[in-house]
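Engineer: Can you keep this structure in mind? I'll have questions shortly.
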Amino acid sequence: MGRLIFTYKDYKIIAGTDEAGRGCLAGPVVAAAVVLSKPIPELNDSKKLSKKRRNELRKKIEENALSFQVAFVDHIKIDEINILNASILAMHHATLGLQVKPEILLVDGNRFKPLKQIPHQTIIKGDAKFQCIAAASILAKTYRDDYMDAMHEQYPEYGWDTNAGYPTVKHREGIKAHGPTKIHRMTFRLLP
């Protein structure tokens with residue numbers, strides 16, 4: 001795979017945004033928005049990196065970002081407005097929390113609701129194409145993993161330290177044996 005692109009057309013202040021946790025049965029959806037000050041050659045889509053590597057890159061991203069912001073939308077709001085709308089809401093919150101206003105927002109995926117103040121471009125598999133989106137992907141994933149690791153301490157029966165709330169066999173066995181927790185998404189199909 002070639003290097004991820006750092007620039008986008010003629011824009012100078014470019015933010016990328018992505019989310020983590022859409023397909024989970026429990027916990028929040030987490031989004032990040034990142035404006036990088038310089039290229040980070042090691043960046044890649046968070047799904048292609050080990051947990052250790054993501055955490056190493058998180059530190060590098062936070063040190064080299066012109067601005068970054070992470071936003072959580074909890075399971076209650078997800079159940080209220082659905083996961084797509086909750087994901088977009090989290091990306092909105094992260095973007096609006098940036099300390100610099102981007103000239104363009106690059107959004108991973110193909111669905112987004114415009115922010116009046118900031119033009120955007122959706123990019124399918126953007127986390128594998130643009131550094132700012134890859135950086136947002138890594139921040140969203142690592143912050144969400146940290147949250148689910150903490151929740152695992154309270155609810156060890158579901159294996160959230162390894163599955164982060166995704167619908168694995170261990171997670172579903174935990175639901176069968178112990179029922180849902182207070183952070184499960186009740187509008188999701190918890191059991192097959």
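Following the order of the structure tokens, first chain is A, next is B, and so on, with residues numbered from 1 inside each chain and ligands from 1 in the order they appear.
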Env of Asp161 (chain A): 7 Å cut, atoms = only C-alpha atoms, seq-sep filter 5 positions within chain, self excluded. Answer as a ChimeraX atom specification.
Structural biologist: /A:148-149,152
Engineer: Could you pull out the residues in chain A that DSSP calls helix (DSSP H, G or I) from the backbone, as a VMD selection string?
Structural biologist: chain A and resid 46 to 48 51 to 64 75 to 81 83 to 96 126 to 128 131 to 154 156 to 158 160 to 163 169 to 178
Engineer: Sort by chain and increasing residue number a table of all residues of region 53-140 of chain A within 8 Å of region 169-188 of chain A, each with its closest pair of atoms and their distance in Å to one decimal, counting only C-alpha atoms, and write it as a tab-separated table.
Structural biologist:
```
residue	atom	partner	partner_atom	distance
A:His75	CA	A:Arg185	CA	5.4
A:Ile76	CA	A:Arg185	CA	7.3
A:Ile78	CA	A:Arg185	CA	7.2
A:Asp79	CA	A:Thr187	CA	5.5
```
Engineer: For the selection just defined, write its residues with N, CA and C atoms to a file, as an mmCIF file, in the first residue's frame.
Structural biologist:
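So selection-v5.cif came out as:
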```cif
data_model
loop_
_atom_site.group_PDB
_atom_site.id
_atom_site.type_symbol
_atom_site.label_atom_id
_atom_site.label_comp_id
_atom_site.auth_asym_id
_atom_site.auth_seq_id
_atom_site.Cartn_x
_atom_site.Cartn_y
_atom_site.Cartn_z
ATOM 1 N N HIS A 75 -24.945 5.202 24.607
ATOM 2 C CA HIS A 75 -25.914 4.181 24.176
ATOM 3 C C HIS A 75 -27.360 4.683 24.255
ATOM 4 N N ILE A 76 -27.645 5.578 25.187
ATOM 5 C CA ILE A 76 -29.014 6.093 25.328
ATOM 6 C C ILE A 76 -29.386 6.917 24.097
ATOM 7 N N ILE A 78 -27.903 6.752 21.190
ATOM 8 C CA ILE A 78 -27.911 5.833 20.042
ATOM 9 C C ILE A 78 -29.287 5.189 19.907
ATOM 10 N N ASP A 79 -29.828 4.705 21.028
ATOM 11 C CA ASP A 79 -31.158 4.080 20.994
ATOM 12 C C ASP A 79 -32.240 5.092 20.623
#
```
Engineer: Name the residues in contact with Tyr166 (chain A) at a cut-off of 7 Å, using only C-alpha atoms, excluding same-chain residues fewer than 4 positions from it; report them as number ranges by chain.
Structural biologist: A: 23-25
Engineer: Could you save those same residues with N, CA and C atoms as a PDB file, in the first residue's frame?
Structural biologist:
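Output (out-v2.pdb):
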```
ATOM      1  N   GLY A  23     -20.830  -0.789  14.950  1.00  0.00           N
ATOM      2  CA  GLY A  23     -21.391  -2.138  14.945  1.00  0.00           C
ATOM      3  C   GLY A  23     -21.437  -2.825  16.297  1.00  0.00           C
ATOM      4  N   CYS A  24     -21.122  -2.099  17.351  1.00  0.00           N
ATOM      5  CA  CYS A  24     -21.089  -2.690  18.692  1.00  0.00           C
ATOM      6  C   CYS A  24     -22.496  -2.859  19.272  1.00  0.00           C
ATOM      7  N   LEU A  25     -22.602  -3.776  20.202  1.00  0.00           N
ATOM      8  CA  LEU A  25     -23.872  -4.001  20.901  1.00  0.00           C
ATOM      9  C   LEU A  25     -23.959  -3.192  22.192  1.00  0.00           C
TER      10      LEU A  25
END
```
Engineer: For the atom pair CA of Pro192 (chain A) and CA of Asn82 (chain A), what is the interatomic distance in Å to one decimal place?
Structural biologist: 19.5 Å
Engineer: Contacts between region 33-55 of chain A and region 64-158 of chain A, please, where a residue of region 64-158 of chain A counts if it comes within 8 Å (with only C-alpha atoms); show its shortest atom pair and distance in Å to one decimal, rows by chain and ascending number, as a Markdown table.
Structural biologist:
```
| residue | atom | partner | partner_atom | distance |
| --- | --- | --- | --- | --- |
| A:Asn64 | CA | A:Ser37 | CA | 6.1 |
| A:Ala65 | CA | A:Leu36 | CA | 4.2 |
| A:Leu66 | CA | A:Ser37 | CA | 4.9 |
| A:Ser67 | CA | A:Val35 | CA | 5.3 |
| A:Phe68 | CA | A:Val34 | CA | 4.4 |
| A:Gln69 | CA | A:Ala33 | CA | 5.4 |
| A:Val70 | CA | A:Ala33 | CA | 6.6 |
| A:Met91 | CA | A:Ala33 | CA | 7.0 |
| A:Ala94 | CA | A:Ala33 | CA | 5.3 |
| A:Thr95 | CA | A:Ala33 | CA | 5.3 |
| A:Leu98 | CA | A:Ala33 | CA | 7.3 |
| A:Pro102 | CA | A:Val35 | CA | 7.6 |
| A:Asp127 | CA | A:Asp45 | CA | 5.0 |
| A:Ala128 | CA | A:Asp45 | CA | 5.1 |
| A:Gln131 | CA | A:Leu43 | CA | 6.4 |
| A:Cys132 | CA | A:Val34 | CA | 5.8 |
| A:Ile133 | CA | A:Val34 | CA | 7.4 |
| A:Ala134 | CA | A:Asp45 | CA | 5.1 |
| A:Ala135 | CA | A:Val34 | CA | 6.6 |
| A:Ala136 | CA | A:Ala33 | CA | 5.3 |
| A:Ser137 | CA | A:Ser46 | CA | 5.8 |
| A:Ile138 | CA | A:Ser46 | CA | 5.0 |
| A:Lys141 | CA | A:Ser46 | CA | 7.1 |
| A:Thr142 | CA | A:Asn55 | CA | 6.6 |
```
Engineer: Select from region 7-140 of chain A everything DSSP, run on the backbone, classes as strand (DSSP E or B), then give the selection as a ChimeraX atom specification.
Structural biologist: /A:8,11,14-20,26,29-36,65-73,104-108,115,118,120-123,130
Engineer: Could you check the closest approach to Lys101 (chain A) for each of A:Ala140, A:Ile123, A:Leu115, A:Leu89 and tell me which residue wins, using only C-alpha atoms?
Structural biologist: A:Leu115
Engineer: So what do you get for CA of Trp160 (chain A) versus CA of Asp145 (chain A), distance-wise?
Structural biologist: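 CA of Trp160 (chain A) sits 8.7 Å away from CA of Asp145 (chain A).
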Engineer: Which neighbours of Gly109 (chain A) fall inside 7 Å, counting only C-alpha atoms, when residues of the same chain fewer than 5 positions from it are skipped, and could you give them as a list in words?
Structural biologist: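 Once the nearby chain positions are removed, what remains is Thr122, Ile123, Ile124, Lys125 and Gly126 of chain A.
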Engineer: To one decimal in Å, tell me the separation between CA of Val30 (chain A) and CA of Ala90 (chain A).
Structural biologist: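 Between these atoms lies a distance of 6.3 Å.
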Engineer: Would you mind telling me which residue in A:Ser87, A:Ala26, A:Glu56, A:Lys116 lies nearest to Tyr155 (chain A) when using only C-alpha atoms?
Structural biologist: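 Closest to Tyr155 (chain A) of all the choices is A:Ala26.
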Engineer: Which is closest to Glu62 (chain A) among A:Ile88, A:Leu139, A:Ala164, A:Val100, if we use only C-alpha atoms?
Structural biologist: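 Smallest distance to Glu62 (chain A) is found for A:Leu139.
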